[in-house]
Structure formats: structure tokens, C-alpha cells
There are 2 protein chains.
Amino acid sequence: MERQSPRALRRLKRIERENSLRKLVESNPLLTDEDLAEMLKVSVSTIRFDRARLGIPEVRERMREMAERARSMLRSLSPEEMTGELIELKINESGISVLETTQEMAFKGSNIIREIYTFAQASSLAMALIGSEEVLIGRARVSFKHPVRVGDKIVARSRVANRKGNKFLISVHSYVNDVEVFVGHFIVVSLGKGG
Amino acid sequence: MERQSPRALRRLKRIERENSLRKLVESNPLLTDEDLAEMLKVSVSTIRFDRARLGIPEVRERMREMAERARSMLRSLSPEEMTGELIELKINESGISVLETTQEMAFKGSNIIREIYTFAQASSLAMALIGSEEVLIGRARVSFKHPVRVGDKIVARSRVANRKGNKFLISVHSYVNDVEVFVGHFIVVSLGKGG
DNA sequence: GTAGCTATTAAGACTAAGTGTTATGAGGTG
DNA sequence: CACCTCATAACACTTAGTCTTAATAGCTAC
């Protein structure tokens with residue numbers, strides 16, 4: 001183990017530092033060269049050379065990338081958007097919503113959409129049917145008939161099938177190109193007034 | 001309608017521009033003063049004065065804010081994190097996951113967690129139980145026993161109740177402080193090998 | 001009609017967090 | 001000794017601002 005020359009050791013030290021640098025930047029892309037220099041106990045110049053070697057862009061560029069990616073991801077992942085767009089709504093009667101699926105909604109390394117999204121669209125549509133602010137899902141019986149793929153546009157149609165007091169039985173059928181991909185029956189409970 | 005003095009008209013024009021500015025920046029926070037100046041057909045100086053009046057920070061600050069917010073939101077909203085953390089897993093037998101709930105997971109203006117998250121945690125835990133890459137949910141019967149609130153830590157316990165070929169019946173019970181908040185029965189289908 | 005107000009534009013000096021290039025020095029090597 | 005690698009430093013430049021202070025255009029009020 002003592003066979004390494006001091007020169008090789010110095011090189012090793014540099015490579016080690018570069019690995020740390022990579023990890024640091026990855027875990028927190030908002031660190032400036034100065035921050036990094038302090039953390040790794042080297043000068044700012046060294047950090048700059050390291051970054052150049054590793055092809056890591058400057059903090060502002062990293063920020064810009066994050067902000068941009070965030071803009072598109074937050075769109076597709078925010079509760080507002082993962083539930084689809086309401087295109088028809090008759091309170092206490094029926095409603096239709098459409099969800100455009102994107103890569104972010106798919107299983108990693110696959111183009112199959114996670115069932116959560118189909119469920120989220122259907123359940124939020126069911127809840128929207130009730131003309132009340134405070135609504136909760138009690139039970140649900142759902143069936144995923146057919147896998148949905150990235151790019152598919154899911155059309156969910158729902159209607160109130162039954163009502164007993166503040167409990168609504170709502171059925172939702174979702175389609176992709178007229179193929180039924182999902183059927184769900186939700187029991188939704190309205191807590192506030194107005195339901 | 002002709003009663004307005006030219007002076008008042010000029011003021012109106014400015015206020016109108018400031019409204020446009022506000023909207024532009026809100027819809028795309030990554031626009032520089034130069035971009036904005038071009039869009040609104042005024043000089044960069046004017047944009048700077050307007051921003052100062054309106055208290056809109058510079059583009060880099062806006063970027064930083066977005067990037068920062070993105071970091072925390074992506075954490076809580078990304079499929080990886082909205083499904084909780086696996087803390088125990090016996091393939092084809094049983095598993096436990098824990099989900100820490102945050103404000104982002106709640107209904108707007110409320111501290112009640114959207115049912116989707118309980119469902120997402122449970123369904124992904126059910127899928128994780130199967131030792132196969134390609135897994136789909138066939139059916140599910142779920143019951144939301146009790147509302148979950150922001151800050152609650154949901155512990156989901158699941159086990160394989162039955163198996164017929166590549167179809168698994170998996171039950172999941174979720175608790176917050178030993179109170180059962182969710183029960184679900186999932187039929188999960190394994191497509192790949194290894195199940 | 002000239003002084004004054006408002007909105008806009010411009011100009012000057014400064015900042016952060018870089019870029020890219022070119023020294024300079026410290027340690028070790030052939 | 002000359003040479004190499006690595007770390008550091010020094011210098012000029014960039015972007016997208018900051019803050020302050022003019023300068024101008026267009027109208028108004030006395």
C-alpha cells in the first residue's frame with residue numbers, strides 16, 4: 001500500500017476532491033464557487049479549474065436550469081395539474097375532466113403512467129361534483145382496466161349515482177381513445193354546507 | 001369619456017404597463033429587464049424604475065427563489081417522495097413504509113392531506129412487495145377511515161394475503177399514531193419474471 | 001411664456017459571480 | 001539542473017443587475 005509515489009498521491013487527492021465537488025454540487029446546485037472553496041478547503045481558483053475540468057457550469061447556469069426544469073415539472077406534478085382539467089361540470093350531477101399525460105407521470109424507465117394519476121384525476125373529479133368546499137373520500141372501489149401510456153389523453157366521465165344525506169356514490173369511467181382504462185366508484189362525504 | 005386630462009392619461013398608461021409587467025413576470029419569472037423592455041416597448045431604465053416601484057426583485061433573485069422552492073417542492077411532490085420511505089421489505093411477504101406529510105400535500109387552504117397521498121403510499125408499497133420490475137395494479141378497494149393532517153406521519157403496513165399465479169392480493173393498513181386512517185386491498189399483477 | 005411637474009430615458013459608478021488567460025510558486029521527479 | 005503537476009494568484013472581461021444623478025419631452029399653472 002506504500003508503493004504510491006507522492007506525485008500519484010497528489011493526483012489522487014485532486015481526484016478525490018473532484019468527486020466531492022461533484023457530489024456537493026449535485027446535492028445542492030445553489031452553492032457558489034466561494035462556498036465550495038470554503039467547504040473543500042481550497043482556493044476559489046482551484047474550484048474554477050476543477051469545475052472546468054468536470055464540465056460543471058457556473059452557479060447561475062445551474063440555477064437557471066433548475067428554475068426552468070422546475071417550471072415544467074411543477075406544472076405536471078402540482079396537485080392542480082395532476083388532476084386534469086375540468087371541461088364540464090354539473091354540480092351534484094355529472095362532470096368530465098381531461099388529463100394529458102407526460103413522461104414525469106410514468107414509471108421510471110417506462111412509458112406506462114403510474115396508476116396514481118388515473119386515480120387522482122378520477123377522485124378529484126368525483127370530489128368536484130359536490131358543490132361544497134369540505135369534501136372527503138370515504139371509500140373507493142377502483143379497477144385499472146388497461147395501462148395508460150405517456151402522451152395518452154385520459155377523459156374521465158363521472159356522475160352521481162346515488163345520494164343518501166351527505167354521502168354521495170359517484171362513478172367514474174375513464175377512457176383513452178374510447179378504450180376504457182379505468183372504472184371507479186367513490187363514496188364522497190360532504191362536510192360543509194352547500195352540498 | 002373624454003374628460004381625462006393628458007396628464008392623467010399618461011399616468012394611466014404607466015399603471016397599465018405596470019400591470020402588464022407584473023403579469024409577465026409572474027407568468028415567466030426568468031425574463032430579464034432587457035426582455036421585458038423589448039416586450040413593453042420601453043427602455044430598460046423604465047423597467048428598472050417600474051420594478052423598484054412594484055417591489056419586483058431582479059431576475060437572479062427570482063431565479064434563486066424558484067430554484068429553492070423547486071428543491072423543496074420537487075422533494076415532496078416527486079413520485080419518489082410522495083410514496084413514502086420503505087423501511088422494511090420482505091419480498092412477496094410484507095413491508096412497511098412511512099410518509100411524512102407536508103403542507104404541499106394538503107388541500108388548498110386546509111391542513112387535511114389529500115387522499116391521493118395516502119393512496120399513493122399504499123399502492124406503491126403494495127407494488128414494492130412484488131419482486132418484479134414490471135408490476136401493475138389491477139383493482140383496489142380502499143377505505144379512508146380518518147382524515148390525515150399536515151405533519152402526521154403515516155405508517156403503512158402491508159402483506160401479501162393471497163397469490164394466484166401472477167396475481168397478488170395485497171392488503172395495506174395505514175396508521176397515524178396507532179389510529180387506523182386507511183385500509184386498502186390491492187390486486188397487483190406481475191408481468192415480468194422474478195415475481 | 002416661463003417655471004414646474006411627471007414620465008421616460010440616459011449616464012456613471014458599483015456589485016456578484018462568474019469567464020478565460022496567463023503568470024507564479026511549491027513539491028517532487030528524471 | 002531543468003521539468004512537471006498542482007494549487008494559487010492576477011488581470012481583463014461579462015451579465016444583469018444595483019443606486020444615484022442628470023437630461024429631456026410634454027404638458028400645466030400662473
# chains A, B, ... in the order shown; residues from 1 in each chain; ligands from 1
>>> residues_around(residues="A:Tyr175", least_positions_apart="4", cutoff="10 Å", atoms="only C-alpha atoms (C1' of nucleotides)", output="ChimeraX atom specification")
/A:98,145-146,148,152-157,179-183
>>> interface_residues(of="chain A", to="chain B", cutoff="7 Å", atoms="only C-alpha atoms", output="list of chain:residue names")
A:Met63, A:Arg64, A:Met66, A:Ala67, A:Ala70, A:Leu77, A:Ile116, A:Ala120, A:Ile137, A:Gly138, A:Arg139, A:Ala140, A:Arg141, A:Val142, A:Ser143, A:Phe144, A:Lys145
>>> write_last_selection(atoms="N, CA, C and O atoms", output="mmCIF file, in the first residue's frame")
data_model
loop_
_atom_site.group_PDB
_atom_site.id
_atom_site.type_symbol
_atom_site.label_atom_id
_atom_site.label_comp_id
_atom_site.auth_asym_id
_atom_site.auth_seq_id
_atom_site.Cartn_x
_atom_site.Cartn_y
_atom_site.Cartn_z
ATOM 1 N N MET A 63 -28.645 27.332 -11.562
ATOM 2 C CA MET A 63 -29.888 27.899 -11.058
ATOM 3 C C MET A 63 -30.918 27.999 -12.169
ATOM 4 O O MET A 63 -32.056 27.600 -12.007
ATOM 5 N N ARG A 64 -30.476 28.527 -13.290
ATOM 6 C CA ARG A 64 -31.373 28.717 -14.422
ATOM 7 C C ARG A 64 -31.974 27.371 -14.846
ATOM 8 O O ARG A 64 -33.174 27.250 -15.062
ATOM 9 N N MET A 66 -32.311 24.669 -13.040
ATOM 10 C CA MET A 66 -33.249 24.202 -12.019
ATOM 11 C C MET A 66 -34.582 24.908 -12.147
ATOM 12 O O MET A 66 -35.633 24.285 -12.095
ATOM 13 N N ALA A 67 -34.490 26.233 -12.292
ATOM 14 C CA ALA A 67 -35.708 27.027 -12.350
ATOM 15 C C ALA A 67 -36.547 26.620 -13.554
ATOM 16 O O ALA A 67 -37.764 26.514 -13.472
ATOM 17 N N ALA A 70 -37.937 23.187 -13.080
ATOM 18 C CA ALA A 70 -38.965 23.302 -12.058
ATOM 19 C C ALA A 70 -40.267 23.792 -12.676
ATOM 20 O O ALA A 70 -41.337 23.290 -12.354
ATOM 21 N N LEU A 77 -46.587 18.132 -11.884
ATOM 22 C CA LEU A 77 -46.657 17.400 -10.624
ATOM 23 C C LEU A 77 -47.496 18.078 -9.557
ATOM 24 O O LEU A 77 -47.810 17.480 -8.552
ATOM 25 N N ILE A 116 -51.532 6.062 -9.963
ATOM 26 C CA ILE A 116 -51.905 7.176 -9.085
ATOM 27 C C ILE A 116 -52.565 8.294 -9.865
ATOM 28 O O ILE A 116 -53.489 8.933 -9.382
ATOM 29 N N ALA A 120 -55.935 9.870 -9.235
ATOM 30 C CA ALA A 120 -56.010 11.270 -8.802
ATOM 31 C C ALA A 120 -57.020 12.038 -9.643
ATOM 32 O O ALA A 120 -57.838 12.793 -9.109
ATOM 33 N N ILE A 137 -63.110 11.798 0.706
ATOM 34 C CA ILE A 137 -63.439 10.500 0.133
ATOM 35 C C ILE A 137 -63.568 9.506 1.284
ATOM 36 O O ILE A 137 -62.710 9.468 2.162
ATOM 37 N N GLY A 138 -64.649 8.744 1.270
ATOM 38 C CA GLY A 138 -64.826 7.731 2.292
ATOM 39 C C GLY A 138 -64.232 6.412 1.834
ATOM 40 O O GLY A 138 -63.244 5.930 2.362
ATOM 41 N N ARG A 139 -64.838 5.852 0.799
ATOM 42 C CA ARG A 139 -64.339 4.607 0.237
ATOM 43 C C ARG A 139 -64.219 4.743 -1.258
ATOM 44 O O ARG A 139 -64.794 5.646 -1.853
ATOM 45 N N ALA A 140 -63.549 3.776 -1.819
ATOM 46 C CA ALA A 140 -63.489 3.728 -3.276
ATOM 47 C C ALA A 140 -63.236 2.304 -3.706
ATOM 48 O O ALA A 140 -62.531 1.550 -3.032
ATOM 49 N N ARG A 141 -63.865 1.934 -4.811
ATOM 50 C CA ARG A 141 -63.554 0.659 -5.412
ATOM 51 C C ARG A 141 -63.144 0.971 -6.849
ATOM 52 O O ARG A 141 -63.919 1.558 -7.599
ATOM 53 N N VAL A 142 -61.932 0.668 -7.158
ATOM 54 C CA VAL A 142 -61.416 1.094 -8.458
ATOM 55 C C VAL A 142 -60.839 -0.093 -9.218
ATOM 56 O O VAL A 142 -60.386 -1.075 -8.620
ATOM 57 N N SER A 143 -60.872 0.047 -10.522
ATOM 58 C CA SER A 143 -60.349 -1.013 -11.362
ATOM 59 C C SER A 143 -59.570 -0.394 -12.514
ATOM 60 O O SER A 143 -60.082 0.460 -13.238
ATOM 61 N N PHE A 144 -58.299 -0.768 -12.624
ATOM 62 C CA PHE A 144 -57.470 -0.246 -13.705
ATOM 63 C C PHE A 144 -57.531 -1.258 -14.838
ATOM 64 O O PHE A 144 -56.908 -2.317 -14.792
ATOM 65 N N LYS A 145 -58.315 -0.947 -15.848
ATOM 66 C CA LYS A 145 -58.647 -1.905 -16.887
ATOM 67 C C LYS A 145 -57.517 -2.129 -17.876
ATOM 68 O O LYS A 145 -57.369 -3.213 -18.428
#
>>> residues_around(residues="C:DG20", least_positions_apart="5", cutoff="12 Å", atoms="only C-alpha atoms (C1' of nucleotides)", output="JSON, numbers by chain")
{"A": [48, 49, 52], "D": [11, 12, 13, 14]}
>>> write_last_selection(atoms="N, CA and C atoms (P, O5', C5', C4', C3', O3' and C1' of nucleotides)", output="PDB file, in the first residue's frame")
ATOM      1  N   ARG A  48     -12.597  26.707  -9.635  1.00  0.00           N
ATOM      2  CA  ARG A  48     -12.933  27.059 -11.019  1.00  0.00           C
ATOM      3  C   ARG A  48     -12.292  26.083 -11.998  1.00  0.00           C
ATOM      4  N   PHE A  49     -11.007  25.777 -11.745  1.00  0.00           N
ATOM      5  CA  PHE A  49     -10.323  24.835 -12.635  1.00  0.00           C
ATOM      6  C   PHE A  49     -10.997  23.465 -12.563  1.00  0.00           C
ATOM      7  N   ALA A  52     -14.169  23.494 -14.473  1.00  0.00           N
ATOM      8  CA  ALA A  52     -13.893  23.492 -15.910  1.00  0.00           C
ATOM      9  C   ALA A  52     -13.569  22.071 -16.376  1.00  0.00           C
TER      10      ALA A  52
ATOM     11  P    DC D  11      -2.746  42.337 -10.908  1.00  0.00           P
ATOM     12  O5'  DC D  11      -3.525  42.151 -12.279  1.00  0.00           O
ATOM     13  C5'  DC D  11      -2.789  41.856 -13.470  1.00  0.00           C
ATOM     14  C4'  DC D  11      -3.773  41.723 -14.614  1.00  0.00           C
ATOM     15  C3'  DC D  11      -4.839  42.827 -14.624  1.00  0.00           C
ATOM     16  O3'  DC D  11      -4.848  43.494 -15.878  1.00  0.00           O
ATOM     17  C1'  DC D  11      -5.822  40.678 -14.822  1.00  0.00           C
ATOM     18  P    DA D  12      -5.748  44.834 -16.029  1.00  0.00           P
ATOM     19  O5'  DA D  12      -6.634  44.460 -17.292  1.00  0.00           O
ATOM     20  C5'  DA D  12      -6.127  43.555 -18.273  1.00  0.00           C
ATOM     21  C4'  DA D  12      -7.302  42.928 -18.995  1.00  0.00           C
ATOM     22  C3'  DA D  12      -8.500  43.877 -19.174  1.00  0.00           C
ATOM     23  O3'  DA D  12      -9.042  43.684 -20.466  1.00  0.00           O
ATOM     24  C1'  DA D  12      -9.214  41.941 -18.102  1.00  0.00           C
ATOM     25  P    DC D  13     -10.322  44.596 -20.958  1.00  0.00           P
ATOM     26  O5'  DC D  13     -11.568  43.603 -20.869  1.00  0.00           O
ATOM     27  C5'  DC D  13     -11.574  42.434 -21.690  1.00  0.00           C
ATOM     28  C4'  DC D  13     -12.763  41.572 -21.348  1.00  0.00           C
ATOM     29  C3'  DC D  13     -14.106  42.316 -21.390  1.00  0.00           C
ATOM     30  O3'  DC D  13     -14.964  41.667 -22.312  1.00  0.00           O
ATOM     31  C1'  DC D  13     -13.919  40.978 -19.441  1.00  0.00           C
ATOM     32  P    DT D  14     -16.417  42.249 -22.704  1.00  0.00           P
ATOM     33  O5'  DT D  14     -17.368  41.352 -21.795  1.00  0.00           O
ATOM     34  C5'  DT D  14     -17.420  39.943 -22.022  1.00  0.00           C
ATOM     35  C4'  DT D  14     -18.497  39.350 -21.145  1.00  0.00           C
ATOM     36  C3'  DT D  14     -19.814  40.133 -21.192  1.00  0.00           C
ATOM     37  O3'  DT D  14     -20.831  39.290 -21.704  1.00  0.00           O
ATOM     38  C1'  DT D  14     -19.148  39.636 -18.943  1.00  0.00           C
TER      39       DT D  14
END
>>> atom_distance(atom1="atom CA of A:Ser190", atom2="atom CA of A:Glu85")
21.9 Å
>>> select_by_dssp(residues="stretch 7-110 of chain A", states="alpha helix (DSSP H)", output="PyMOL selection string")
chain A and resi 7-27+33-40+44-54+59-77+79-82
>>> interface_residues(of="chain D", to="chain B", cutoff="12 Å", atoms="only C-alpha atoms (C1' of nucleotides)", output="PyMOL selection string")
chain D and resi 15-19+26-28
>>> write_last_selection(atoms="all heavy atoms", output="compact mmCIF listing (two decimals), in the first residue's frame")
# COMPACT_ATOMS: atom_id res chain seq x y z
P DT D 15 -22.23 39.96 -22.21
OP1 DT D 15 -22.64 39.19 -23.39
OP2 DT D 15 -22.08 41.43 -22.26
O5' DT D 15 -23.22 39.63 -21.02
C5' DT D 15 -23.19 38.33 -20.45
C4' DT D 15 -24.03 38.31 -19.19
O4' DT D 15 -23.28 38.84 -18.08
C3' DT D 15 -25.32 39.11 -19.27
O3' DT D 15 -26.32 38.31 -18.70
C2' DT D 15 -25.02 40.35 -18.43
C1' DT D 15 -24.06 39.79 -17.39
N1 DT D 15 -23.07 40.70 -16.75
C2 DT D 15 -22.77 40.50 -15.42
O2 DT D 15 -23.29 39.64 -14.75
N3 DT D 15 -21.82 41.34 -14.91
C4 DT D 15 -21.16 42.35 -15.57
O4 DT D 15 -20.33 43.04 -15.01
C5 DT D 15 -21.51 42.50 -16.97
C7 DT D 15 -20.84 43.57 -17.77
C6 DT D 15 -22.44 41.69 -17.49
P DA D 16 -27.86 38.49 -19.13
OP1 DA D 16 -28.45 37.14 -19.17
OP2 DA D 16 -27.97 39.39 -20.29
O5' DA D 16 -28.46 39.24 -17.88
C5' DA D 16 -28.54 38.55 -16.63
C4' DA D 16 -28.66 39.59 -15.55
O4' DA D 16 -27.39 40.24 -15.37
C3' DA D 16 -29.68 40.71 -15.87
O3' DA D 16 -30.55 40.92 -14.77
C2' DA D 16 -28.80 41.90 -16.13
C1' DA D 16 -27.66 41.59 -15.17
N9 DA D 16 -26.48 42.42 -15.36
C8 DA D 16 -26.07 43.07 -16.49
N7 DA D 16 -24.99 43.80 -16.34
C5 DA D 16 -24.64 43.60 -15.01
C6 DA D 16 -23.60 44.08 -14.22
N6 DA D 16 -22.66 44.92 -14.69
N1 DA D 16 -23.55 43.69 -12.93
C2 DA D 16 -24.49 42.87 -12.46
N3 DA D 16 -25.54 42.33 -13.12
C4 DA D 16 -25.56 42.75 -14.40
P DG D 17 -31.84 41.76 -14.99
OP1 DG D 17 -32.76 41.39 -13.91
OP2 DG D 17 -32.23 41.62 -16.39
O5' DG D 17 -31.37 43.30 -14.77
C5' DG D 17 -31.59 43.95 -13.58
C4' DG D 17 -30.57 43.58 -12.52
O4' DG D 17 -29.28 43.41 -13.14
C3' DG D 17 -30.35 44.67 -11.50
O3' DG D 17 -31.30 44.54 -10.46
C2' DG D 17 -28.94 44.36 -11.02
C1' DG D 17 -28.27 43.88 -12.29
N9 DG D 17 -27.53 44.91 -13.03
C8 DG D 17 -27.72 45.27 -14.35
N7 DG D 17 -26.90 46.19 -14.75
C5 DG D 17 -26.12 46.47 -13.64
C6 DG D 17 -25.05 47.39 -13.47
O6 DG D 17 -24.57 48.16 -14.30
N1 DG D 17 -24.54 47.36 -12.16
C2 DG D 17 -25.01 46.55 -11.16
N2 DG D 17 -24.41 46.65 -9.97
N3 DG D 17 -25.99 45.69 -11.31
C4 DG D 17 -26.50 45.70 -12.57
P DT D 18 -32.10 45.77 -9.97
OP1 DT D 18 -33.21 45.26 -9.15
OP2 DT D 18 -32.35 46.65 -11.12
O5' DT D 18 -31.05 46.50 -9.00
C5' DT D 18 -30.59 45.83 -7.84
C4' DT D 18 -29.46 46.65 -7.23
O4' DT D 18 -28.37 46.71 -8.19
C3' DT D 18 -29.82 48.10 -6.96
O3' DT D 18 -30.29 48.25 -5.62
C2' DT D 18 -28.51 48.83 -7.14
C1' DT D 18 -27.73 47.96 -8.08
N1 DT D 18 -27.58 48.51 -9.46
C2 DT D 18 -26.59 49.43 -9.69
O2 DT D 18 -25.84 49.84 -8.83
N3 DT D 18 -26.50 49.87 -11.00
C4 DT D 18 -27.29 49.48 -12.05
O4 DT D 18 -27.10 49.94 -13.17
C5 DT D 18 -28.32 48.52 -11.73
C7 DT D 18 -29.24 48.04 -12.81
C6 DT D 18 -28.42 48.08 -10.47
P DC D 19 -31.15 49.54 -5.26
OP1 DC D 19 -32.32 49.04 -4.54
OP2 DC D 19 -31.36 50.33 -6.50
O5' DC D 19 -30.23 50.40 -4.27
C5' DC D 19 -28.81 50.45 -4.41
C4' DC D 19 -28.31 51.83 -4.78
O4' DC D 19 -27.86 51.85 -6.17
C3' DC D 19 -29.33 52.98 -4.67
O3' DC D 19 -28.77 54.00 -3.85
C2' DC D 19 -29.57 53.42 -6.11
C1' DC D 19 -28.22 53.07 -6.77
N1 DC D 19 -28.29 52.88 -8.26
C2 DC D 19 -27.32 53.52 -9.07
O2 DC D 19 -26.44 54.22 -8.54
N3 DC D 19 -27.36 53.33 -10.42
C4 DC D 19 -28.31 52.57 -10.95
N4 DC D 19 -28.30 52.43 -12.27
C5 DC D 19 -29.31 51.92 -10.15
C6 DC D 19 -29.25 52.10 -8.83
P DG D 26 -42.35 65.47 -27.26
OP1 DG D 26 -42.94 64.41 -28.11
OP2 DG D 26 -41.89 66.76 -27.81
O5' DG D 26 -43.37 65.77 -26.07
C5' DG D 26 -43.79 64.69 -25.21
C4' DG D 26 -44.86 65.22 -24.27
O4' DG D 26 -44.21 65.83 -23.13
C3' DG D 26 -45.75 66.29 -24.90
O3' DG D 26 -47.10 65.99 -24.59
C2' DG D 26 -45.28 67.59 -24.25
C1' DG D 26 -44.77 67.10 -22.90
N9 DG D 26 -43.72 67.90 -22.28
C8 DG D 26 -42.73 68.61 -22.92
N7 DG D 26 -41.92 69.23 -22.07
C5 DG D 26 -42.43 68.91 -20.81
C6 DG D 26 -41.99 69.30 -19.52
O6 DG D 26 -41.03 70.00 -19.21
N1 DG D 26 -42.80 68.75 -18.53
C2 DG D 26 -43.88 67.95 -18.75
N2 DG D 26 -44.53 67.51 -17.67
N3 DG D 26 -44.32 67.58 -19.95
C4 DG D 26 -43.53 68.10 -20.94
P DC D 27 -48.26 66.74 -25.31
OP1 DC D 27 -49.28 65.74 -25.73
OP2 DC D 27 -47.72 67.71 -26.29
O5' DC D 27 -48.86 67.54 -24.07
C5' DC D 27 -49.38 66.78 -22.97
C4' DC D 27 -49.15 67.55 -21.70
O4' DC D 27 -47.83 68.13 -21.66
C3' DC D 27 -50.10 68.72 -21.49
O3' DC D 27 -51.09 68.31 -20.55
C2' DC D 27 -49.22 69.86 -20.98
C1' DC D 27 -47.88 69.15 -20.69
N1 DC D 27 -46.67 69.99 -20.81
C2 DC D 27 -46.05 70.43 -19.64
O2 DC D 27 -46.52 70.13 -18.53
N3 DC D 27 -44.92 71.20 -19.71
C4 DC D 27 -44.43 71.52 -20.93
N4 DC D 27 -43.32 72.27 -20.97
C5 DC D 27 -45.05 71.08 -22.15
C6 DC D 27 -46.16 70.32 -22.04
P DT D 28 -52.27 69.32 -20.14
OP1 DT D 28 -53.35 68.48 -19.59
OP2 DT D 28 -52.50 70.23 -21.28
O5' DT D 28 -51.63 70.16 -18.97
C5' DT D 28 -51.27 69.51 -17.75
C4' DT D 28 -50.92 70.56 -16.70
O4' DT D 28 -49.66 71.19 -17.05
C3' DT D 28 -51.94 71.68 -16.56
O3' DT D 28 -52.13 71.94 -15.18
C2' DT D 28 -51.29 72.85 -17.27
C1' DT D 28 -49.80 72.59 -16.96
N1 DT D 28 -48.80 73.17 -17.89
C2 DT D 28 -47.70 73.81 -17.36
O2 DT D 28 -47.51 73.96 -16.18
N3 DT D 28 -46.81 74.30 -18.29
C4 DT D 28 -46.91 74.20 -19.66
O4 DT D 28 -46.04 74.67 -20.39
C5 DT D 28 -48.08 73.52 -20.15
C7 DT D 28 -48.31 73.36 -21.61
C6 DT D 28 -48.98 73.03 -19.25
>>> closest_atom_pairs(of="chain C", to="chain A", cutoff="12 Å", atoms="only C-alpha atoms (C1' of nucleotides)", output="Markdown table")
| residue | atom | partner | partner_atom | distance |
| --- | --- | --- | --- | --- |
| C:DA16 | C1' | A:Thr32 | CA | 10.3 |
| C:DA17 | C1' | A:Thr32 | CA | 7.6 |
| C:DG18 | C1' | A:Glu58 | CA | 6.8 |
| C:DT19 | C1' | A:Glu58 | CA | 9.5 |
| C:DG20 | C1' | A:Ala52 | CA | 10.7 |
| C:DG27 | C1' | A:Arg7 | CA | 9.0 |
| C:DG28 | C1' | A:Arg7 | CA | 6.8 |
| C:DT29 | C1' | A:Arg7 | CA | 8.7 |
>>> write_last_selection(atoms="N, CA, C and O atoms (P, O5', C5', C4', C3', O3' and C1' of nucleotides)", output="short mmCIF file (atom, residue, chain, number, x, y, z; two decimals), in the first residue's frame")
data_model
loop_
_atom_site.label_atom_id
_atom_site.label_comp_id
_atom_site.auth_asym_id
_atom_site.auth_seq_id
_atom_site.Cartn_x
_atom_site.Cartn_y
_atom_site.Cartn_z
P DA C 16 -20.18 42.32 -3.79
"O5'" DA C 16 -20.88 41.13 -4.57
"C5'" DA C 16 -22.30 41.12 -4.68
"C4'" DA C 16 -22.72 39.96 -5.53
"C3'" DA C 16 -21.94 38.67 -5.32
"O3'" DA C 16 -22.87 37.61 -5.48
"C1'" DA C 16 -21.62 39.42 -7.55
P DA C 17 -22.43 36.17 -4.92
"O5'" DA C 17 -21.93 35.46 -6.25
"C5'" DA C 17 -22.88 35.14 -7.27
"C4'" DA C 17 -22.11 34.77 -8.50
"C3'" DA C 17 -20.94 33.80 -8.25
"O3'" DA C 17 -20.96 32.73 -9.17
"C1'" DA C 17 -20.26 35.60 -9.53
P DG C 18 -20.05 31.45 -8.89
"O5'" DG C 18 -18.60 31.89 -9.48
"C5'" DG C 18 -18.17 31.42 -10.71
"C4'" DG C 18 -18.81 32.12 -11.87
"C3'" DG C 18 -17.98 32.04 -13.14
"O3'" DG C 18 -18.34 30.89 -13.86
"C1'" DG C 18 -18.64 34.29 -12.73
P DT C 19 -17.22 30.03 -14.53
"O5'" DT C 19 -16.79 30.93 -15.79
"C5'" DT C 19 -17.70 31.17 -16.84
"C4'" DT C 19 -17.01 31.99 -17.90
"C3'" DT C 19 -15.73 31.33 -18.40
"O3'" DT C 19 -15.88 30.90 -19.73
"C1'" DT C 19 -15.33 33.60 -17.73
P DG C 20 -14.84 29.77 -20.29
"O5'" DG C 20 -13.70 30.58 -21.04
"C5'" DG C 20 -13.78 31.95 -21.32
"C4'" DG C 20 -12.38 32.47 -21.55
"C3'" DG C 20 -11.30 31.40 -21.68
"O3'" DG C 20 -10.47 31.71 -22.79
"C1'" DG C 20 -10.73 32.91 -19.94
P DG C 27 6.60 23.68 -0.13
"O5'" DG C 27 6.35 22.20 -0.65
"C5'" DG C 27 5.98 22.02 -2.00
"C4'" DG C 27 5.74 20.58 -2.32
"C3'" DG C 27 6.85 19.62 -1.88
"O3'" DG C 27 6.29 18.32 -1.69
"C1'" DG C 27 6.98 19.99 -4.24
P DG C 28 7.21 17.09 -1.29
"O5'" DG C 28 7.56 16.49 -2.73
"C5'" DG C 28 6.53 15.80 -3.44
"C4'" DG C 28 6.99 15.47 -4.81
"C3'" DG C 28 8.16 14.45 -4.85
"O3'" DG C 28 7.78 13.37 -5.70
"C1'" DG C 28 8.60 16.31 -6.25
P DT C 29 8.73 12.21 -6.05
"O5'" DT C 29 9.21 12.67 -7.50
"C5'" DT C 29 8.25 12.77 -8.55
"C4'" DT C 29 8.94 12.74 -9.89
"C3'" DT C 29 9.99 11.65 -10.05
"O3'" DT C 29 9.82 11.03 -11.33
"C1'" DT C 29 10.97 13.77 -10.48
#
>>> closest_residue(among="B:Ile130, B:Leu86, B:Leu36, B:Leu21", to="B:Gly55", atoms="only C-alpha atoms")
B:Leu21
>>> select_by_dssp(residues="stretch 102-171 of chain B", states="strand (DSSP E or B)", output="ChimeraX atom specification")
/B:106,112-113,135-144,149,153-164,167-171
